[in-house]
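run_12.cif follows (mmCIF, C-alpha atoms):
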data_data
#
loop_
_atom_site.label_atom_id
_atom_site.label_comp_id
_atom_site.auth_asym_id
_atom_site.auth_seq_id
_atom_site.Cartn_x
_atom_site.Cartn_y
_atom_site.Cartn_z
CA MET A 68 63.63 250.45 70.47
CA ARG A 69 65.81 253.15 68.90
CA TRP A 70 69.55 253.46 69.47
CA GLU A 71 70.18 256.57 71.54
CA PRO A 72 73.65 257.97 70.94
CA GLY A 73 75.36 258.92 74.20
CA ALA A 74 72.37 257.74 76.22
CA ARG A 75 74.50 256.16 78.93
CA GLU A 76 76.54 259.32 79.50
CA ARG A 77 73.42 261.52 79.51
CA LEU A 78 71.72 259.23 82.00
CA GLN A 79 74.80 259.22 84.22
CA ALA A 80 75.12 263.00 84.24
CA ALA A 81 71.40 263.49 84.87
CA ALA A 82 71.30 260.86 87.63
CA LEU A 83 74.21 262.39 89.49
CA GLU A 84 72.69 265.85 89.29
CA LEU A 85 69.36 264.57 90.63
CA PHE A 86 70.98 262.48 93.37
CA ALA A 87 73.06 265.48 94.49
CA THR A 88 70.18 267.93 94.58
CA ARG A 89 67.33 265.73 95.83
CA GLY A 90 69.06 262.83 97.59
CA PHE A 91 69.75 259.35 96.25
CA GLU A 92 66.73 257.70 97.88
CA GLN A 93 64.27 260.29 96.53
CA VAL A 94 65.07 259.78 92.84
CA THR A 95 63.59 257.02 90.64
CA ALA A 96 65.03 255.49 87.49
CA ALA A 97 61.99 256.79 85.56
CA GLU A 98 62.66 260.36 86.70
CA ILE A 99 66.31 260.12 85.67
CA ALA A 100 65.29 258.92 82.21
CA GLN A 101 62.54 261.53 81.81
CA SER A 102 64.87 264.37 82.76
CA VAL A 103 66.89 263.72 79.58
CA GLY A 104 63.92 262.78 77.40
CA LEU A 105 64.47 259.03 77.55
CA THR A 106 62.23 256.19 78.73
CA GLU A 107 62.59 254.07 81.85
CA ARG A 108 63.08 251.11 79.51
CA THR A 109 66.13 252.82 77.99
CA PHE A 110 67.49 253.41 81.50
CA PHE A 111 67.27 249.69 82.28
CA ARG A 112 68.96 248.78 79.02
CA HIS A 113 72.06 250.56 80.39
CA PHE A 114 71.89 250.03 84.18
CA SER A 115 70.41 247.22 86.26
CA ASP A 116 69.32 249.73 88.93
CA LYS A 117 69.90 253.36 89.93
CA ARG A 118 72.76 252.37 92.26
CA GLU A 119 74.64 250.94 89.29
CA VAL A 120 74.87 254.43 87.77
CA LEU A 121 77.30 255.32 90.57
CA PHE A 122 79.40 252.18 90.24
CA TYR A 123 79.52 251.87 86.48
CA GLY A 124 83.09 251.75 85.17
CA GLN A 125 84.39 249.89 88.21
CA GLU A 126 85.75 246.90 86.25
CA GLN A 127 87.56 249.29 83.91
CA PHE A 128 89.18 251.06 86.88
CA LEU A 129 90.24 247.71 88.35
CA GLN A 130 91.75 246.80 84.99
CA PHE A 131 93.87 249.97 85.07
CA PHE A 132 95.22 248.86 88.46
CA ILE A 133 96.01 245.36 87.16
CA ASP A 134 97.56 246.72 83.95
CA GLY A 135 99.92 248.70 86.19
CA VAL A 136 100.85 245.52 88.08
CA ASP A 137 101.60 243.81 84.75
CA ALA A 138 103.65 246.78 83.52
CA ALA A 139 106.13 246.58 86.42
CA PRO A 140 109.52 245.03 85.57
CA PRO A 141 109.80 241.34 86.55
CA ASP A 142 112.31 242.07 89.33
CA ALA A 143 110.35 244.96 90.86
CA SER A 144 109.87 244.79 94.64
CA PRO A 145 106.28 244.37 95.95
CA PHE A 146 106.06 248.12 96.63
CA GLY A 147 107.63 248.81 93.25
CA VAL A 148 104.77 246.88 91.66
CA ILE A 149 102.30 248.87 93.75
CA ALA A 150 103.88 252.15 92.63
CA SER A 151 103.42 251.02 89.02
CA ALA A 152 99.81 250.00 89.73
CA LEU A 153 99.06 253.39 91.31
CA ASP A 154 100.68 255.12 88.37
CA SER A 155 98.31 253.37 86.01
CA ALA A 156 95.21 253.59 88.24
CA THR A 157 95.57 257.31 88.86
CA SER A 158 95.80 257.97 85.11
CA PHE A 159 92.20 256.70 84.92
CA PHE A 160 91.12 259.88 86.75
CA SER A 161 92.13 262.77 84.54
CA ASP A 162 91.49 266.29 85.84
CA ASP A 163 88.34 266.74 83.75
CA ARG A 164 86.75 263.94 85.79
CA ARG A 165 87.30 265.77 89.07
CA PRO A 166 83.93 267.62 89.22
CA TYR A 167 82.05 264.38 88.48
CA SER A 168 84.08 262.45 91.10
CA ARG A 169 83.50 265.19 93.66
CA MET A 170 79.74 265.20 93.12
CA ARG A 171 79.61 261.40 93.15
CA GLN A 172 81.42 261.32 96.50
CA SER A 173 79.01 263.84 98.02
CA VAL A 174 76.13 261.51 97.07
CA ILE A 175 77.88 258.47 98.56
CA ASP A 176 78.78 260.32 101.77
CA GLU A 177 75.08 260.93 102.40
CA ASN A 178 74.06 257.29 102.18
CA PRO A 179 75.35 254.49 104.46
CA ALA A 180 74.40 251.70 102.03
CA LEU A 181 76.38 253.37 99.24
CA GLN A 182 79.31 253.83 101.63
CA GLU A 183 79.29 250.11 102.41
CA ARG A 184 79.26 249.33 98.70
CA GLU A 185 82.22 251.66 98.19
CA LEU A 186 84.15 250.03 101.07
CA HIS A 187 83.38 246.64 99.58
CA LYS A 188 84.74 247.84 96.25
CA LEU A 189 88.04 248.99 97.78
CA ALA A 190 88.37 245.70 99.68
CA GLY A 191 87.73 243.80 96.45
CA LEU A 192 90.38 245.88 94.71
CA ALA A 193 92.97 244.93 97.35
CA THR A 194 92.02 241.24 97.06
CA THR A 195 92.39 241.28 93.27
CA VAL A 196 95.71 243.13 93.38
CA ALA A 197 97.03 240.69 96.03
CA GLU A 198 96.15 237.82 93.66
CA ALA A 199 98.04 239.54 90.84
CA LEU A 200 101.06 239.96 93.14
CA ARG A 201 100.98 236.27 94.12
CA ALA A 202 100.82 235.39 90.43
CA ARG A 203 104.17 237.24 90.11
CA GLY A 204 105.63 234.93 92.79
CA ILE A 205 105.32 237.33 95.73
CA GLY A 206 104.47 235.39 98.90
CA GLU A 207 102.23 236.13 101.87
CA PRO A 208 101.88 238.28 103.88
CA ALA A 209 103.90 240.51 101.50
CA ALA A 210 101.33 240.32 98.68
CA THR A 211 98.36 241.26 100.86
CA LEU A 212 100.32 243.91 102.78
CA ALA A 213 101.47 245.58 99.57
CA ALA A 214 98.05 245.34 97.90
CA GLN A 215 96.19 246.75 100.92
CA SER A 216 98.78 249.50 101.30
CA GLY A 217 98.21 250.36 97.66
CA ALA A 218 94.46 250.57 98.26
CA THR A 219 95.07 252.73 101.35
CA VAL A 220 97.33 255.12 99.44
CA PHE A 221 94.82 255.30 96.59
CA GLY A 222 91.93 256.01 98.98
CA ILE A 223 93.78 258.77 100.85
CA ALA A 224 95.01 260.36 97.62
CA PHE A 225 91.56 260.21 96.04
CA ALA A 226 89.91 261.87 99.07
CA GLN A 227 92.48 264.65 98.83
CA TRP A 228 92.10 265.01 95.05
CA ILE A 229 88.37 265.75 95.29
CA ARG A 230 88.73 268.22 98.18
CA GLU A 231 87.54 271.75 97.31
CA GLY A 232 90.40 273.89 96.07
CA GLU A 233 92.79 271.00 95.40
CA ARG A 234 94.57 271.55 92.06
CA ARG A 235 97.27 268.87 91.96
CA SER A 236 96.73 265.81 89.77
CA LEU A 237 95.71 262.54 91.41
CA SER A 238 99.00 261.03 90.23
CA ASP A 239 101.04 263.74 92.01
CA ILE A 240 99.02 263.39 95.21
CA ALA A 241 99.32 259.58 95.19
CA SER A 242 103.06 259.89 94.66
CA GLY A 243 103.31 262.12 97.73
CA VAL A 244 101.19 259.80 99.90
CA LEU A 245 103.24 256.76 98.86
CA HIS A 246 106.41 258.67 99.74
CA GLU A 247 104.94 259.54 103.10
CA LEU A 248 104.19 255.88 103.82
CA VAL A 249 107.76 254.91 102.98
CA ASN A 250 109.08 257.75 105.17
CA LEU A 251 106.81 256.79 108.08
CA THR A 252 107.97 253.19 108.17
CA GLY A 253 111.57 254.31 107.60
CA ALA A 254 111.31 256.76 110.51
CA ALA A 255 110.02 253.92 112.67
CA VAL A 256 113.14 251.88 111.93
CA ASP A 257 115.51 254.81 112.61
CA HIS A 258 113.71 255.59 115.81
CA GLN A 259 113.96 251.96 116.87
CA ALA A 260 117.74 251.96 116.56
CA GLU A 261 117.94 255.02 118.83
CA GLN A 262 115.45 253.93 121.41
CA LEU A 263 115.69 250.18 121.59
CA GLN A 264 117.32 250.21 125.00
CA GLN A 265 114.79 252.59 126.49
CA VAL A 266 111.80 250.46 125.60
CA THR A 267 110.12 248.66 128.46
CA GLY A 268 106.77 247.77 126.87
CA GLY A 269 105.27 244.65 125.39
CA ARG A 270 106.42 242.22 122.77
CA LEU A 271 105.56 244.26 119.72
CA ARG A 272 107.40 247.26 121.00
CA HIS A 273 110.41 245.08 121.79
CA GLY A 274 110.35 243.13 118.60
CA ALA A 275 109.29 245.55 115.93
CA ILE A 276 109.39 249.29 116.03
CA GLN A 277 109.21 252.18 118.42
CA MET B 117 61.93 238.73 134.90
CA ARG B 118 64.62 236.82 136.79
CA TRP B 119 68.30 237.60 136.63
CA GLU B 120 70.01 234.81 134.72
CA PRO B 121 73.65 234.45 135.69
CA GLY B 122 75.90 234.04 132.65
CA ALA B 123 72.92 234.31 130.32
CA ARG B 124 74.79 236.46 127.83
CA GLU B 125 77.69 234.05 127.56
CA ARG B 126 75.40 231.03 127.26
CA LEU B 127 73.37 232.77 124.53
CA GLN B 128 76.54 233.69 122.66
CA ALA B 129 77.97 230.18 122.76
CA ALA B 130 74.65 228.62 121.74
CA ALA B 131 74.08 231.12 118.93
CA LEU B 132 77.49 230.54 117.44
CA GLU B 133 77.06 226.79 117.56
CA LEU B 134 73.66 227.04 115.83
CA PHE B 135 74.89 229.55 113.22
CA ALA B 136 77.86 227.32 112.42
CA THR B 137 75.86 224.11 112.07
CA ARG B 138 72.63 225.38 110.47
CA GLY B 139 73.63 228.68 108.85
CA PHE B 140 73.10 232.21 110.17
CA GLU B 141 69.91 232.88 108.20
CA GLN B 142 68.21 229.68 109.33
CA VAL B 143 68.41 230.36 113.08
CA THR B 144 65.95 232.55 115.02
CA ALA B 145 66.53 234.39 118.29
CA ALA B 146 63.81 232.26 119.91
CA GLU B 147 65.61 229.05 118.92
CA ILE B 148 68.89 230.34 120.33
CA ALA B 149 67.20 231.16 123.64
CA GLN B 150 65.31 227.85 123.78
CA SER B 151 68.47 225.84 123.15
CA VAL B 152 69.86 227.01 126.50
CA GLY B 153 66.52 227.00 128.37
CA LEU B 154 65.95 230.77 128.20
CA THR B 155 63.13 232.81 126.73
CA GLU B 156 63.17 234.99 123.62
CA ARG B 157 62.51 237.93 125.93
CA THR B 158 65.75 237.19 127.80
CA PHE B 159 67.59 237.06 124.47
CA PHE B 160 66.37 240.54 123.57
CA ARG B 161 67.37 241.91 126.98
CA HIS B 162 70.97 241.12 125.98
CA PHE B 163 71.05 241.60 122.20
CA SER B 164 69.04 243.86 119.90
CA ASP B 165 69.03 241.16 117.19
CA LYS B 166 70.78 237.90 116.35
CA ARG B 167 73.44 239.70 114.33
CA GLU B 168 74.50 241.60 117.45
CA VAL B 169 75.57 238.33 119.04
CA LEU B 170 78.45 238.20 116.55
CA PHE B 171 79.48 241.83 117.03
CA TYR B 172 79.10 242.11 120.78
CA GLY B 173 82.33 243.25 122.49
CA GLN B 174 83.33 245.46 119.57
CA GLU B 175 83.52 248.68 121.61
CA GLN B 176 85.69 246.91 124.17
CA PHE B 177 88.08 245.75 121.44
CA LEU B 178 88.25 249.27 120.01
CA GLN B 179 89.04 250.55 123.50
CA PHE B 180 92.01 248.16 123.72
CA PHE B 181 93.32 249.67 120.49
CA ILE B 182 92.90 253.22 121.80
CA ASP B 183 94.43 252.34 125.17
CA GLY B 184 97.50 251.18 123.25
CA VAL B 185 97.65 254.52 121.41
CA ASP B 186 97.49 256.33 124.77
CA ALA B 187 100.17 254.09 126.26
CA ALA B 188 102.79 255.05 123.64
CA PRO B 189 105.46 257.53 124.82
CA PRO B 190 104.74 261.15 123.81
CA ASP B 191 107.65 261.21 121.35
CA ALA B 192 106.78 257.91 119.64
CA SER B 193 106.68 258.00 115.84
CA PRO B 194 103.31 257.36 114.14
CA PHE B 195 104.27 253.74 113.51
CA GLY B 196 105.60 253.49 117.05
CA VAL B 197 102.14 254.44 118.28
CA ILE B 198 100.61 251.84 115.97
CA ALA B 199 102.97 249.16 117.34
CA SER B 200 101.81 250.05 120.83
CA ALA B 201 98.15 249.98 119.72
CA LEU B 202 98.62 246.54 118.14
CA ASP B 203 100.36 245.32 121.27
CA SER B 204 97.33 246.26 123.33
CA ALA B 205 94.68 245.16 120.78
CA THR B 206 96.21 241.72 120.27
CA SER B 207 96.22 241.11 124.03
CA PHE B 208 92.39 241.24 123.80
CA PHE B 209 92.53 237.91 121.93
CA SER B 210 94.10 235.41 124.28
CA ASP B 211 94.68 231.88 123.00
CA ASP B 212 91.61 230.49 124.74
CA ARG B 213 89.47 232.72 122.48
CA ARG B 214 90.90 231.20 119.32
CA PRO B 215 88.27 228.42 118.84
CA TYR B 216 85.46 230.95 119.32
CA SER B 217 87.06 233.42 116.90
CA ARG B 218 87.62 230.69 114.34
CA MET B 219 83.99 229.54 114.48
CA ARG B 220 82.73 233.13 114.36
CA GLN B 221 84.80 233.78 111.22
CA SER B 222 83.42 230.69 109.49
CA VAL B 223 79.89 232.04 110.09
CA ILE B 224 80.81 235.48 108.74
CA ASP B 225 82.56 234.01 105.68
CA GLU B 226 79.30 232.34 104.67
CA ASN B 227 77.22 235.53 104.70
CA PRO B 228 77.86 238.62 102.51
CA ALA B 229 75.87 240.97 104.78
CA LEU B 230 77.94 239.92 107.79
CA GLN B 231 81.12 240.38 105.74
CA GLU B 232 80.09 243.95 104.90
CA ARG B 233 79.42 244.63 108.56
CA GLU B 234 82.87 243.26 109.43
CA LEU B 235 84.52 245.44 106.75
CA HIS B 236 82.64 248.42 108.08
CA LYS B 237 83.93 247.63 111.58
CA LEU B 238 87.57 247.53 110.42
CA ALA B 239 87.09 250.81 108.52
CA GLY B 240 85.57 252.39 111.62
CA LEU B 241 88.51 251.16 113.68
CA ALA B 242 90.96 252.88 111.32
CA THR B 243 88.94 256.11 111.44
CA THR B 244 88.90 256.12 115.25
CA VAL B 245 92.61 255.35 115.53
CA ALA B 246 93.41 258.12 113.01
CA GLU B 247 91.47 260.56 115.22
CA ALA B 248 93.48 259.44 118.25
CA LEU B 249 96.72 259.98 116.30
CA ARG B 250 95.64 263.48 115.25
CA ALA B 251 94.83 264.23 118.90
CA ARG B 252 98.52 263.45 119.59
CA GLY B 253 99.51 266.11 117.07
CA ILE B 254 100.25 263.78 114.14
CA GLY B 255 99.23 265.43 110.87
CA GLU B 256 97.63 264.11 107.70
CA PRO B 257 98.16 262.00 105.69
CA ALA B 258 100.48 260.41 108.31
CA ALA B 259 97.68 259.79 110.83
CA THR B 260 95.36 258.04 108.35
CA LEU B 261 98.23 256.13 106.71
CA ALA B 262 99.48 254.83 110.05
CA ALA B 263 95.97 254.01 111.33
CA GLN B 264 94.96 252.17 108.15
CA SER B 265 98.28 250.32 108.09
CA GLY B 266 97.59 249.26 111.69
CA ALA B 267 94.16 247.95 110.68
CA THR B 268 95.72 246.13 107.71
CA VAL B 269 98.37 244.50 109.91
CA PHE B 270 95.73 243.52 112.46
CA GLY B 271 93.46 242.04 109.77
CA ILE B 272 96.23 239.98 108.17
CA ALA B 273 97.52 238.77 111.56
CA PHE B 274 94.04 237.86 112.75
CA ALA B 275 93.29 235.84 109.60
CA GLN B 276 96.53 233.93 110.16
CA TRP B 277 95.87 233.44 113.90
CA ILE B 278 92.58 231.62 113.27
CA ARG B 279 93.96 229.43 110.49
CA GLU B 280 93.78 225.68 111.28
CA GLY B 281 97.02 224.44 112.84
CA GLU B 282 98.35 227.91 113.71
CA ARG B 283 99.84 227.85 117.24
CA ARG B 284 101.60 231.22 117.59
CA SER B 285 99.93 233.96 119.64
CA LEU B 286 98.16 236.81 117.84
CA SER B 287 100.71 239.19 119.32
CA ASP B 288 103.65 237.24 117.84
CA ILE B 289 101.98 237.02 114.44
CA ALA B 290 101.13 240.75 114.40
CA SER B 291 104.70 241.57 115.35
CA GLY B 292 105.94 239.55 112.37
CA VAL B 293 103.47 241.17 109.94
CA LEU B 294 104.41 244.66 111.13
CA HIS B 295 108.07 243.79 110.64
CA GLU B 296 107.29 242.58 107.15
CA LEU B 297 105.56 245.87 106.28
CA VAL B 298 108.59 247.84 107.48
CA ASN B 299 110.91 245.55 105.50
CA LEU B 300 108.79 245.84 102.36
CA THR B 301 108.84 249.62 102.31
CA GLY B 302 112.52 249.59 103.29
CA ALA B 303 113.32 247.22 100.42
CA ALA B 304 111.49 249.58 98.09
CA VAL B 305 113.77 252.44 99.13
CA ASP B 306 116.97 250.34 98.76
CA HIS B 307 115.81 249.09 95.40
CA GLN B 308 115.10 252.65 94.30
CA ALA B 309 118.67 253.72 94.99
CA GLU B 310 119.96 250.91 92.79
CA GLN B 311 117.55 251.27 89.95
CA LEU B 312 116.69 254.93 89.74
CA GLN B 313 118.60 255.44 86.52
CA GLN B 314 117.09 252.45 84.81
CA VAL B 315 113.55 253.56 85.34
CA THR B 316 111.70 254.85 82.32
CA GLY B 317 108.12 254.70 83.55
CA GLY B 318 105.64 257.23 84.82
CA ARG B 319 105.77 259.87 87.51
CA LEU B 320 105.20 257.59 90.48
CA ARG B 321 107.94 255.26 89.42
CA HIS B 322 110.29 258.17 88.89
CA GLY B 323 109.40 260.02 92.03
CA ALA B 324 108.76 257.40 94.61
CA ILE B 325 109.93 253.85 94.60
CA GLN B 326 110.81 251.07 92.27
#
Starting from the file, give its structure as structure tokens.
Amino acid sequence: MRWEPGARERLQAAALELFATRGFEQVTAAEIAQSVGLTERTFFRHFSDKREVLFYGQEQFLQFFIDGVDAAPPDASPFGVIASALDSATSFFSDDRRPYSRMRQSVIDENPALQERELHKLAGLATTVAEALRARGIGEPAATLAAQSGATVFGIAFAQWIREGERRSLSDIASGVLHELVNLTGAAVDHQAEQLQQVTGGRLRHGAIQ
Amino acid sequence: MRWEPGARERLQAAALELFATRGFEQVTAAEIAQSVGLTERTFFRHFSDKREVLFYGQEQFLQFFIDGVDAAPPDASPFGVIASALDSATSFFSDDRRPYSRMRQSVIDENPALQERELHKLAGLATTVAEALRARGIGEPAATLAAQSGATVFGIAFAQWIREGERRSLSDIASGVLHELVNLTGAAVDHQAEQLQQVTGGRLRHGAIQ
């Protein structure tokens, strides 16, 4: 059992290429390994199964999010903490990762089981960030609202970042999406003040926003 | 093949009871049918499998959401439309449904595959609502942001509604959670004005909110 320098990275690159060209279901772990001159046994020393190739690095990404939560000043508002978390999380995806991320997404988009796994991952992210917010003394529902909004902003920004022709950094896009969310809710409040007397609808429209 | 009046409702109630007491995996469609004096064949006339019992009515719920989007005045802001959608969607869950919803959730919480299906459902809801918002002329990322925020508010409110001891209506709870979201983003903007000069962090913290 020799040590193979860079084996994990070579396996990842080869797997993604094969998944993208032949379809995730049609590729075996042995074929991935063979395509870069490695054995199936070496593949399984690095990944528990071929799906794991696509989700490797997930804990590290989550840690970037949490590091951003921890980096926010103690008196930051819940959305201030989320802005700091997004700042850190988006730095995980430098521009040289964009082609890989784009190809990975195209593989996931073709496969419902991988999509469910990806959804599950984003939900898990929001749960973990909400815990980190509660640990800072932020109550509910604020902690969950802020954490899920952060996951929403990240997801929208990421989808835009990997679109063909997009050149802005993920950090810039996420900043814009977060701004947009703040503007949208702000517009709702302004609109409410103007229109409160015109509203005839149900309880939510009376009580909250128009 | 006789027509069985109320067969669907009796099968649903019996299935939920059996899932809750014996565990989802341990119950067969035949047992569900037998427990209310019906045949397995009758079960499969109403549901394609036992999982469907838990997700029946989903299209109807989604339609309530979309009806609320359609009911919003033409000039409503994106979050105004979401408030209207939540108003309509929460009316789907009257207080007499609470014990059923609570028991259903306890079954889903015990089973990872059912949890993934539920996540998938909420994601699909957000996608459909975003489409309805775009059909009203709302652009991106506003449409997706508002739709996903609506799904987030609904999810948080629903989890609170089925908590033991909770007596408020789903509509009242959702109204409060939506308010909280507006306040949170509003607080972020106020806080930003105060602290902008103190901020030394990254781009998001500079550009958006503290």
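The closest residue to chain B, picked from A:Pro145, A:Gly206, A:Gly191, A:Gly232 and counting only C-alpha atoms, is A:Pro145.
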Contact residues around Arg203 in chain A with all atoms listed in the file at 12 Å, ignoring same-chain residues under 5 positions, as a compact mmCIF listing (two decimals) with C-alpha atoms, in the coordinates of the input:
# COMPACT_ATOMS: atom_id res chain seq x y z
CA ILE A 133 96.01 245.36 87.16
CA VAL A 136 100.85 245.52 88.08
CA ASP A 137 101.60 243.81 84.75
CA ALA A 138 103.65 246.78 83.52
CA ALA A 139 106.13 246.58 86.42
CA PRO A 140 109.52 245.03 85.57
CA PRO A 141 109.80 241.34 86.55
CA ASP A 142 112.31 242.07 89.33
CA ALA A 143 110.35 244.96 90.86
CA SER A 144 109.87 244.79 94.64
CA PRO A 145 106.28 244.37 95.95
CA VAL A 148 104.77 246.88 91.66
CA VAL A 196 95.71 243.13 93.38
CA ALA A 197 97.03 240.69 96.03
CA GLU A 198 96.15 237.82 93.66
CA ALA A 209 103.90 240.51 101.50
CA ALA A 210 101.33 240.32 98.68
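Among A:Ser242, A:Gln172, A:Gln182, A:Gln215, the residue with the shortest atom-to-atom distance to Ser155 in chain A, counting all atoms listed in the file, is A:Ser242.
Proximity ranking of B:Arg233, B:Arg279, B:Arg124, B:Lys166 relative to chain A places B:Arg233 first, based on only C-alpha atoms.
In this comparison, which uses only C-alpha atoms, the residue of B:Ala136, B:Leu170, B:Leu286, B:Ala123 approaching chain A most closely is B:Leu286.
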Using only C-alpha atoms, the residue out of B:Gly266, B:Gly196, B:Gly122, B:Gly271 with shortest distance to chain A is B:Gly196
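Minimum atom-to-atom distances from A:His246, A:Arg171, A:His113, A:Arg118 to chain B were compared using only C-alpha atoms, and the lowest value belongs to A:His246.
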Students should find that CA of Ser222 in chain B and CA of Ala273 in chain B are spaced 16.4 Å
Which residues come within 12 Å of Thr219 in chain A, counting only C-alpha atoms, excluding same-chain residues fewer than 4 positions away, as a PyMOL selection string? (chain A and resi 149+153+186+189-190+192-193+211-215+223-226+241+244-245+248) or (chain B and resi 239+242+257-258+260-268)
Generate the output file for the selected residues, C-alpha atoms, as a PDB file, keeping the file's coordinate frame.
ATOM      1  CA  ILE A 149     102.300 248.870  93.750  1.00  0.00           C
ATOM      2  CA  LEU A 153      99.060 253.390  91.310  1.00  0.00           C
ATOM      3  CA  LEU A 186      84.150 250.030 101.070  1.00  0.00           C
ATOM      4  CA  LEU A 189      88.040 248.990  97.780  1.00  0.00           C
ATOM      5  CA  ALA A 190      88.370 245.700  99.680  1.00  0.00           C
ATOM      6  CA  LEU A 192      90.380 245.880  94.710  1.00  0.00           C
ATOM      7  CA  ALA A 193      92.970 244.930  97.350  1.00  0.00           C
ATOM      8  CA  THR A 211      98.360 241.260 100.860  1.00  0.00           C
ATOM      9  CA  LEU A 212     100.320 243.910 102.780  1.00  0.00           C
ATOM     10  CA  ALA A 213     101.470 245.580  99.570  1.00  0.00           C
ATOM     11  CA  ALA A 214      98.050 245.340  97.900  1.00  0.00           C
ATOM     12  CA  GLN A 215      96.190 246.750 100.920  1.00  0.00           C
ATOM     13  CA  ILE A 223      93.780 258.770 100.850  1.00  0.00           C
ATOM     14  CA  ALA A 224      95.010 260.360  97.620  1.00  0.00           C
ATOM     15  CA  PHE A 225      91.560 260.210  96.040  1.00  0.00           C
ATOM     16  CA  ALA A 226      89.910 261.870  99.070  1.00  0.00           C
ATOM     17  CA  ALA A 241      99.320 259.580  95.190  1.00  0.00           C
ATOM     18  CA  VAL A 244     101.190 259.800  99.900  1.00  0.00           C
ATOM     19  CA  LEU A 245     103.240 256.760  98.860  1.00  0.00           C
ATOM     20  CA  LEU A 248     104.190 255.880 103.820  1.00  0.00           C
TER      21      LEU A 248
ATOM     22  CA  ALA B 239      87.090 250.810 108.520  1.00  0.00           C
ATOM     23  CA  ALA B 242      90.960 252.880 111.320  1.00  0.00           C
ATOM     24  CA  PRO B 257      98.160 262.000 105.690  1.00  0.00           C
ATOM     25  CA  ALA B 258     100.480 260.410 108.310  1.00  0.00           C
ATOM     26  CA  THR B 260      95.360 258.040 108.350  1.00  0.00           C
ATOM     27  CA  LEU B 261      98.230 256.130 106.710  1.00  0.00           C
ATOM     28  CA  ALA B 262      99.480 254.830 110.050  1.00  0.00           C
ATOM     29  CA  ALA B 263      95.970 254.010 111.330  1.00  0.00           C
ATOM     30  CA  GLN B 264      94.960 252.170 108.150  1.00  0.00           C
ATOM     31  CA  SER B 265      98.280 250.320 108.090  1.00  0.00           C
ATOM     32  CA  GLY B 266      97.590 249.260 111.690  1.00  0.00           C
ATOM     33  CA  ALA B 267      94.160 247.950 110.680  1.00  0.00           C
ATOM     34  CA  THR B 268      95.720 246.130 107.710  1.00  0.00           C
TER      35      THR B 268
END
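Take CA of Thr243 in chain B and CA of Phe181 in chain B: the distance between them is 11.9 Å.
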How would range 213-225 of chain B of the given structure read as a file with N, CA and C atoms, as an mmCIF file, in the first residue's frame?
data_model
loop_
_atom_site.group_PDB
_atom_site.id
_atom_site.type_symbol
_atom_site.label_atom_id
_atom_site.label_comp_id
_atom_site.auth_asym_id
_atom_site.auth_seq_id
_atom_site.Cartn_x
_atom_site.Cartn_y
_atom_site.Cartn_z
ATOM 1 N N ARG B 213 -57.060 20.568 13.142
ATOM 2 C CA ARG B 213 -56.057 19.714 12.496
ATOM 3 C C ARG B 213 -54.793 19.571 13.325
ATOM 4 N N ARG B 214 -54.694 20.372 14.388
ATOM 5 C CA ARG B 214 -53.435 20.395 15.138
ATOM 6 C C ARG B 214 -53.037 19.019 15.695
ATOM 7 N N PRO B 215 -53.930 18.248 16.325
ATOM 8 C CA PRO B 215 -53.491 16.938 16.848
ATOM 9 C C PRO B 215 -52.971 16.023 15.727
ATOM 10 N N TYR B 216 -53.653 16.030 14.582
ATOM 11 C CA TYR B 216 -53.199 15.223 13.450
ATOM 12 C C TYR B 216 -51.806 15.667 12.998
ATOM 13 N N SER B 217 -51.634 16.977 12.830
ATOM 14 C CA SER B 217 -50.346 17.510 12.366
ATOM 15 C C SER B 217 -49.222 17.187 13.338
ATOM 16 N N ARG B 218 -49.558 17.248 14.618
ATOM 17 C CA ARG B 218 -48.556 16.981 15.656
ATOM 18 C C ARG B 218 -48.114 15.510 15.588
ATOM 19 N N MET B 219 -49.079 14.611 15.448
ATOM 20 C CA MET B 219 -48.767 13.185 15.389
ATOM 21 C C MET B 219 -47.989 12.868 14.102
ATOM 22 N N ARG B 220 -48.413 13.464 12.997
ATOM 23 C CA ARG B 220 -47.718 13.269 11.722
ATOM 24 C C ARG B 220 -46.251 13.688 11.850
ATOM 25 N N GLN B 221 -46.013 14.843 12.485
ATOM 26 C CA GLN B 221 -44.635 15.323 12.620
ATOM 27 C C GLN B 221 -43.801 14.364 13.460
ATOM 28 N N SER B 222 -44.387 13.799 14.499
ATOM 29 C CA SER B 222 -43.626 12.880 15.355
ATOM 30 C C SER B 222 -43.208 11.643 14.558
ATOM 31 N N VAL B 223 -44.048 11.222 13.610
ATOM 32 C CA VAL B 223 -43.690 10.085 12.750
ATOM 33 C C VAL B 223 -42.539 10.479 11.828
ATOM 34 N N ILE B 224 -42.642 11.656 11.239
ATOM 35 C CA ILE B 224 -41.608 12.109 10.294
ATOM 36 C C ILE B 224 -40.270 12.320 11.004
ATOM 37 N N ASP B 225 -40.322 12.864 12.223
ATOM 38 C CA ASP B 225 -39.088 13.121 12.973
ATOM 39 C C ASP B 225 -38.300 11.853 13.265
#
